[in-house]
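Structure file start_24.cif; described as mmCIF, C-alpha atoms.
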```cif
data_structure
#
loop_
_atom_site.label_atom_id
_atom_site.label_comp_id
_atom_site.auth_asym_id
_atom_site.auth_seq_id
_atom_site.Cartn_x
_atom_site.Cartn_y
_atom_site.Cartn_z
CA MET N 1 0.00 0.00 0.00
CA GLN N 2 2.79 2.42 0.94
CA ARG N 3 4.63 1.48 -2.27
CA HIS N 4 1.46 2.28 -4.29
CA LYS N 5 1.12 5.68 -2.60
CA ARG N 6 4.77 6.45 -3.32
CA ARG N 7 4.26 5.60 -7.00
CA ILE N 8 1.24 7.93 -7.20
CA ALA N 9 3.17 10.72 -5.45
CA THR N 10 6.11 10.24 -7.81
CA ALA N 11 3.83 10.35 -10.85
CA LEU N 12 2.08 13.52 -9.65
CA THR N 13 5.43 15.17 -8.97
CA ALA N 14 6.57 14.33 -12.50
CA VAL N 15 3.40 15.78 -14.03
CA ALA N 16 3.72 18.96 -11.98
CA SER N 17 7.36 19.36 -12.96
CA SER N 18 6.49 18.87 -16.62
CA LEU N 19 3.75 21.50 -16.48
CA LEU N 20 6.04 23.97 -14.72
CA LEU N 21 8.78 23.44 -17.29
CA SER N 22 6.25 23.91 -20.10
CA LEU N 23 5.01 27.19 -18.63
CA THR N 24 8.58 28.39 -18.14
CA LEU N 25 9.63 27.64 -21.70
CA SER N 26 6.44 28.84 -23.44
CA PRO N 27 6.84 32.24 -25.13
CA THR N 28 5.07 35.11 -23.42
CA PRO N 29 2.19 36.29 -25.61
CA ALA N 30 2.59 39.76 -27.06
CA HIS N 31 0.72 42.46 -25.22
CA ALA N 32 -2.19 43.99 -27.09
CA ALA N 33 -1.99 47.72 -27.82
CA THR N 34 -3.05 49.67 -24.79
CA HIS N 35 -4.09 52.86 -26.58
CA ASP N 36 -6.18 53.82 -29.56
CA PRO N 37 -3.85 55.34 -32.15
CA VAL N 38 -4.02 59.14 -32.12
CA VAL N 39 -4.43 60.87 -35.48
CA PHE N 40 -3.58 64.59 -35.41
CA VAL N 41 -5.06 67.09 -37.89
CA HIS N 42 -3.42 70.51 -38.22
CA GLY N 43 -5.03 73.77 -39.27
CA LEU N 44 -4.60 76.64 -41.73
CA SER N 45 -1.04 77.52 -42.77
CA SER N 46 0.36 74.66 -40.68
CA SER N 47 1.75 71.13 -40.95
CA ALA N 48 2.31 67.90 -39.03
CA SER N 49 5.21 69.53 -37.17
CA SER N 50 2.74 71.66 -35.18
CA TRP N 51 2.08 68.52 -33.11
CA ASP N 52 5.72 67.81 -32.22
CA ASP N 53 5.35 68.93 -28.59
CA TRP N 54 2.20 66.91 -27.93
CA ALA N 55 3.62 63.85 -29.70
CA GLY N 56 6.56 64.07 -27.32
CA TYR N 57 4.24 64.37 -24.32
CA PHE N 58 2.23 61.35 -25.48
CA ARG N 59 5.39 59.28 -25.88
CA ALA N 60 6.54 60.30 -22.40
CA ASP N 61 3.16 59.10 -21.12
CA GLY N 62 3.54 55.64 -22.61
CA TYR N 63 2.32 55.90 -26.20
CA SER N 64 4.47 54.24 -28.83
CA ALA N 65 5.53 56.03 -32.00
CA ALA N 66 3.25 53.68 -33.96
CA GLU N 67 0.27 54.94 -31.96
CA LEU N 68 0.86 58.58 -32.96
CA ASP N 69 0.09 59.77 -36.48
CA ALA N 70 0.64 63.39 -37.45
CA TRP N 71 0.25 63.98 -41.17
CA SER N 72 0.43 66.98 -43.46
CA PHE N 73 -2.03 67.95 -46.18
CA ASP N 74 -2.74 70.88 -48.49
CA TRP N 75 -4.45 73.29 -46.09
CA ALA N 76 -5.58 75.57 -48.94
CA GLN N 77 -7.89 72.95 -50.47
CA SER N 78 -11.54 72.41 -49.60
CA ASN N 79 -12.09 70.90 -46.18
CA ALA N 80 -14.23 68.27 -47.92
CA THR N 81 -11.15 67.15 -49.87
CA THR N 82 -9.15 67.05 -46.64
CA ALA N 83 -11.90 64.88 -45.14
CA GLN N 84 -11.54 62.36 -47.96
CA GLN N 85 -7.79 62.24 -47.46
CA LEU N 86 -8.29 61.88 -43.71
CA SER N 87 -10.52 58.88 -44.35
CA THR N 88 -7.71 57.19 -46.27
CA GLU N 89 -5.16 58.15 -43.62
CA ILE N 90 -7.23 56.63 -40.81
CA LYS N 91 -7.81 53.41 -42.75
CA ASN N 92 -4.06 53.14 -43.25
CA VAL N 93 -3.41 53.71 -39.54
CA LEU N 94 -5.94 51.04 -38.57
CA ALA N 95 -4.45 48.56 -41.04
CA ARG N 96 -0.92 49.25 -39.82
CA THR N 97 -1.69 49.03 -36.10
CA GLY N 98 -4.46 46.44 -36.07
CA ALA N 99 -6.62 48.78 -33.98
CA SER N 100 -10.37 49.01 -34.53
CA LYS N 101 -10.67 52.75 -33.86
CA VAL N 102 -8.55 55.89 -33.54
CA ASP N 103 -8.72 59.00 -31.42
CA LEU N 104 -8.92 62.14 -33.55
CA VAL N 105 -7.20 65.27 -32.17
CA VAL N 106 -7.49 68.45 -34.24
CA HIS N 107 -6.49 72.10 -34.12
CA SER N 108 -8.17 75.20 -35.53
CA MET N 109 -9.45 74.68 -39.11
CA GLY N 110 -8.52 71.00 -38.83
CA ALA N 111 -11.81 70.59 -36.99
CA LEU N 112 -13.77 71.26 -40.18
CA GLY N 113 -12.31 68.50 -42.34
CA ALA N 114 -12.39 66.08 -39.41
CA ARG N 115 -16.02 66.83 -38.61
CA TYR N 116 -16.97 66.53 -42.29
CA TYR N 117 -15.38 63.08 -42.24
CA LEU N 118 -17.37 62.11 -39.16
CA LYS N 119 -20.66 63.46 -40.46
CA ASN N 120 -20.55 62.61 -44.15
CA LEU N 121 -17.95 59.90 -44.79
CA GLY N 122 -18.80 57.27 -42.20
CA GLY N 123 -16.04 58.31 -39.83
CA THR N 124 -18.05 57.65 -36.68
CA SER N 125 -17.45 53.93 -37.21
CA TYR N 126 -13.68 54.38 -36.93
CA VAL N 127 -13.29 57.09 -34.28
CA ASP N 128 -13.55 56.54 -30.54
CA ASP N 129 -12.81 60.08 -29.25
CA PHE N 130 -12.81 63.41 -31.09
CA VAL N 131 -10.97 66.36 -29.57
CA SER N 132 -11.09 69.88 -30.98
CA THR N 133 -8.53 72.42 -29.76
CA ALA N 134 -9.30 76.01 -30.74
CA GLY N 135 -11.55 74.57 -33.43
CA THR N 136 -13.25 76.94 -35.86
CA ASN N 137 -16.40 74.91 -35.48
CA HIS N 138 -18.87 77.69 -36.23
CA GLY N 139 -16.56 79.88 -38.26
CA THR N 140 -14.59 82.99 -37.49
CA SER N 141 -14.85 86.48 -38.92
CA THR N 142 -11.05 86.73 -39.04
CA ALA N 143 -11.18 84.34 -42.00
CA SER N 144 -12.45 87.19 -44.17
CA TRP N 145 -8.86 88.27 -44.88
CA CYS N 146 -8.05 85.04 -46.71
CA ALA N 147 -11.50 83.96 -47.94
CA TRP N 148 -10.77 85.32 -51.42
CA LEU N 149 -7.44 83.47 -51.59
CA TYR N 150 -8.14 79.94 -50.35
CA THR N 151 -11.15 77.65 -50.61
CA SER N 152 -10.53 76.33 -47.12
CA CYS N 153 -10.54 79.83 -45.68
CA ALA N 154 -13.77 80.78 -47.47
CA GLU N 155 -15.39 77.71 -45.95
CA MET N 156 -14.15 78.77 -42.51
CA ASN N 157 -15.63 82.25 -42.81
CA THR N 158 -18.62 82.85 -40.55
CA GLY N 159 -21.90 82.06 -42.30
CA SER N 160 -20.39 80.09 -45.19
CA SER N 161 -22.54 77.48 -46.89
CA PHE N 162 -19.97 74.84 -45.87
CA LEU N 163 -20.43 75.67 -42.17
CA THR N 164 -24.20 75.92 -42.48
CA ALA N 165 -24.34 72.37 -43.85
CA LEU N 166 -21.74 71.03 -41.43
CA ASN N 167 -23.58 72.36 -38.38
CA SER N 168 -27.08 71.45 -39.48
CA GLY N 169 -28.72 68.79 -37.35
CA ASP N 170 -26.51 66.88 -34.92
CA GLU N 171 -23.14 68.54 -34.34
CA THR N 172 -21.77 65.47 -32.53
CA PRO N 173 -23.05 62.45 -34.48
CA GLY N 174 -22.62 58.78 -33.69
CA SER N 175 -21.28 57.11 -30.56
CA VAL N 176 -18.04 59.12 -30.64
CA SER N 177 -17.06 60.96 -27.44
CA TYR N 178 -16.59 64.63 -28.34
CA ALA N 179 -14.66 67.37 -26.54
CA SER N 180 -13.83 70.95 -27.45
CA TYR N 181 -11.15 72.97 -25.66
CA TRP N 182 -11.25 76.72 -26.19
CA SER N 183 -9.56 79.85 -24.91
CA ASN N 184 -11.18 83.08 -23.71
CA CYS N 185 -8.49 85.21 -25.39
CA ASP N 186 -8.12 83.54 -28.80
CA ASP N 187 -7.45 86.31 -31.32
CA ALA N 188 -7.98 83.95 -34.28
CA LEU N 189 -11.49 82.93 -33.19
CA THR N 190 -14.13 85.65 -33.30
CA PRO N 191 -16.06 85.06 -31.19
CA ASP N 192 -14.11 82.72 -28.88
CA THR N 193 -17.26 80.68 -28.30
CA THR N 194 -17.33 79.60 -31.95
CA ALA N 195 -15.32 76.58 -30.77
CA ILE N 196 -18.19 75.22 -28.65
CA LEU N 197 -19.93 72.13 -30.02
CA ASN N 198 -23.45 71.17 -29.06
CA GLY N 199 -23.38 67.74 -27.42
CA ALA N 200 -19.65 67.84 -26.64
CA THR N 201 -17.69 68.24 -23.43
CA ASN N 202 -16.79 71.92 -23.82
CA VAL N 203 -13.87 73.16 -21.72
CA GLU N 204 -12.72 76.77 -21.38
CA VAL N 205 -9.00 76.52 -20.62
CA GLY N 206 -8.41 80.16 -19.69
CA CYS N 207 -6.21 82.53 -21.65
CA VAL N 208 -4.10 80.48 -24.07
CA SER N 209 -3.11 81.86 -27.46
CA HIS N 210 -4.47 80.26 -30.61
CA THR N 211 -1.08 78.92 -31.72
CA ASP N 212 -0.33 77.57 -28.25
CA MET N 213 -3.56 75.59 -27.91
CA ASN N 214 -2.04 72.48 -29.47
CA ASN N 215 1.34 72.62 -27.75
CA ASP N 216 0.39 73.88 -24.29
CA GLN N 217 1.17 71.20 -21.70
CA GLY N 218 -1.79 72.01 -19.46
CA VAL N 219 -4.23 71.64 -22.35
CA TYR N 220 -2.43 68.47 -23.40
CA GLU N 221 -2.94 66.89 -19.98
CA GLN N 222 -6.69 67.53 -20.18
CA VAL N 223 -6.85 66.04 -23.67
CA ARG N 224 -4.79 63.02 -22.62
CA ASP N 225 -7.12 62.37 -19.69
CA PHE N 226 -10.20 62.71 -21.92
CA ILE N 227 -9.04 60.15 -24.47
CA GLY N 228 -7.20 57.91 -22.00
#
```

Output the file's structure as structure tokens, nothing else.
Amino acid sequence: MQRHKRRIATALTAVASSLLLSLTLSPTPAHAATHDPVVFVHGLSSSASSWDDWAGYFRADGYSAAELDAWSFDWAQSNATTAQQLSTEIKNVLARTGASKVDLVVHSMGALGARYYLKNLGGTSYVDDFVSTAGTNHGTSTASWCAWLYTSCAEMNTGSSFLTALNSGDETPGSVSYASYWSNCDDALTPDTTAILNGATNVEVGCVSHTDMNNDQGVYEQVRDFIG
């Protein structure tokens, strides 16, 4: 009887050792991405480099370079054209990263092409969070100086047919989480409150200049927490 028990104990010990060795030698599965990729959209007379500071902050906070996509486009073209290019850009980001959705972070006039994409090109299926910083969501009278030069600027001018159509009906469509951060001393937005979106989390950040809205660290921290 004792011999039988010893045999059972020996067998169990062997099985346990085998399982432990198997677990030790098995490769550790790769960790899934912990963040939605962030796609940045710049504004008038700007480029992808306007996001350099925030991209650095995101990397310092644990985002990988692959999860951050700042791209440049022809800011003089129609915002509807930019929206079509944004659609392609986001599909490429999703294919490259394997993510199902992105977070869309925009500055100034970049809000118009991004919102056109969400409203008219099926973008709500591919975007988790939308963040507008100093967005010209309802136009600005300061655009009158360039409205005769650039299609994009004419569309950004207060009362344009582009804005009337963009803001008709639901300003925050789909299941996307929307936020708009705006300054109370933004010389480029007249009035400052043009940035406010109905249905969004609207945050007045105090007195931050228009060009600093998408590189200010305090604004960044609020945006990071919103999309995190």

Determine the residue set returned by the PyMOL selection byres ((chain N and resi 112) around 8) for the present structure, and present it as a compact mmCIF listing (two decimals) with C-alpha atoms, keeping the file's coordinate frame.
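Resulting contents of expr-v3.txt:
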```txt
# COMPACT_ATOMS: atom_id res chain seq x y z
CA ASN N 79 -12.09 70.90 -46.18
CA MET N 109 -9.45 74.68 -39.11
CA GLY N 110 -8.52 71.00 -38.83
CA ALA N 111 -11.81 70.59 -36.99
CA GLY N 113 -12.31 68.50 -42.34
CA ALA N 114 -12.39 66.08 -39.41
CA ARG N 115 -16.02 66.83 -38.61
CA TYR N 116 -16.97 66.53 -42.29
CA GLY N 135 -11.55 74.57 -33.43
CA THR N 136 -13.25 76.94 -35.86
CA ASN N 137 -16.40 74.91 -35.48
CA MET N 156 -14.15 78.77 -42.51
```

For this session: Spell out the residues picked by the PyMOL selection byres ((chain N and resi 146-152) around 6) here, as a PyMOL selection string.
Result: chain N and resi 76-79+143-145+153-155

For this session: Let me know the residues the PyMOL selection byres ((chain N and resi 41) around 10) catches in the file above, as a ChimeraX atom specification.
Result: /N:38-40,42-43,46-48,50-51,69-73,82,86,104-114,132

Seminar exercise, completed: Here atom CA of Ser168 of chain N and atom CA of Gln85 of chain N stand apart by 22.8 Å

Residues proximal to (-11.2, 59.0, -48.1) were defined as those with any atom within 12 Å of that point in the file's coordinates, counting only C-alpha atoms. Which are they, as a short mmCIF file (atom, residue, chain, number, x, y, z; two decimals) with C-alpha atoms, in the coordinates of the input?
```cif
data_model
loop_
_atom_site.label_atom_id
_atom_site.label_comp_id
_atom_site.auth_asym_id
_atom_site.auth_seq_id
_atom_site.Cartn_x
_atom_site.Cartn_y
_atom_site.Cartn_z
CA ALA N 80 -14.23 68.27 -47.92
CA THR N 81 -11.15 67.15 -49.87
CA THR N 82 -9.15 67.05 -46.64
CA ALA N 83 -11.90 64.88 -45.14
CA GLN N 84 -11.54 62.36 -47.96
CA GLN N 85 -7.79 62.24 -47.46
CA LEU N 86 -8.29 61.88 -43.71
CA SER N 87 -10.52 58.88 -44.35
CA THR N 88 -7.71 57.19 -46.27
CA GLU N 89 -5.16 58.15 -43.62
CA ILE N 90 -7.23 56.63 -40.81
CA LYS N 91 -7.81 53.41 -42.75
CA ASN N 92 -4.06 53.14 -43.25
CA GLY N 113 -12.31 68.50 -42.34
CA ALA N 114 -12.39 66.08 -39.41
CA TYR N 116 -16.97 66.53 -42.29
CA TYR N 117 -15.38 63.08 -42.24
CA LEU N 118 -17.37 62.11 -39.16
CA ASN N 120 -20.55 62.61 -44.15
CA LEU N 121 -17.95 59.90 -44.79
CA GLY N 122 -18.80 57.27 -42.20
CA GLY N 123 -16.04 58.31 -39.83
#
```

Exercise. Rounded to one decimal in Å, what is the spacing between atom CA of Tyr178 of chain N and atom CA of Asp129 of chain N?
Worked result: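 These two atoms are separated by 6.0 Å.
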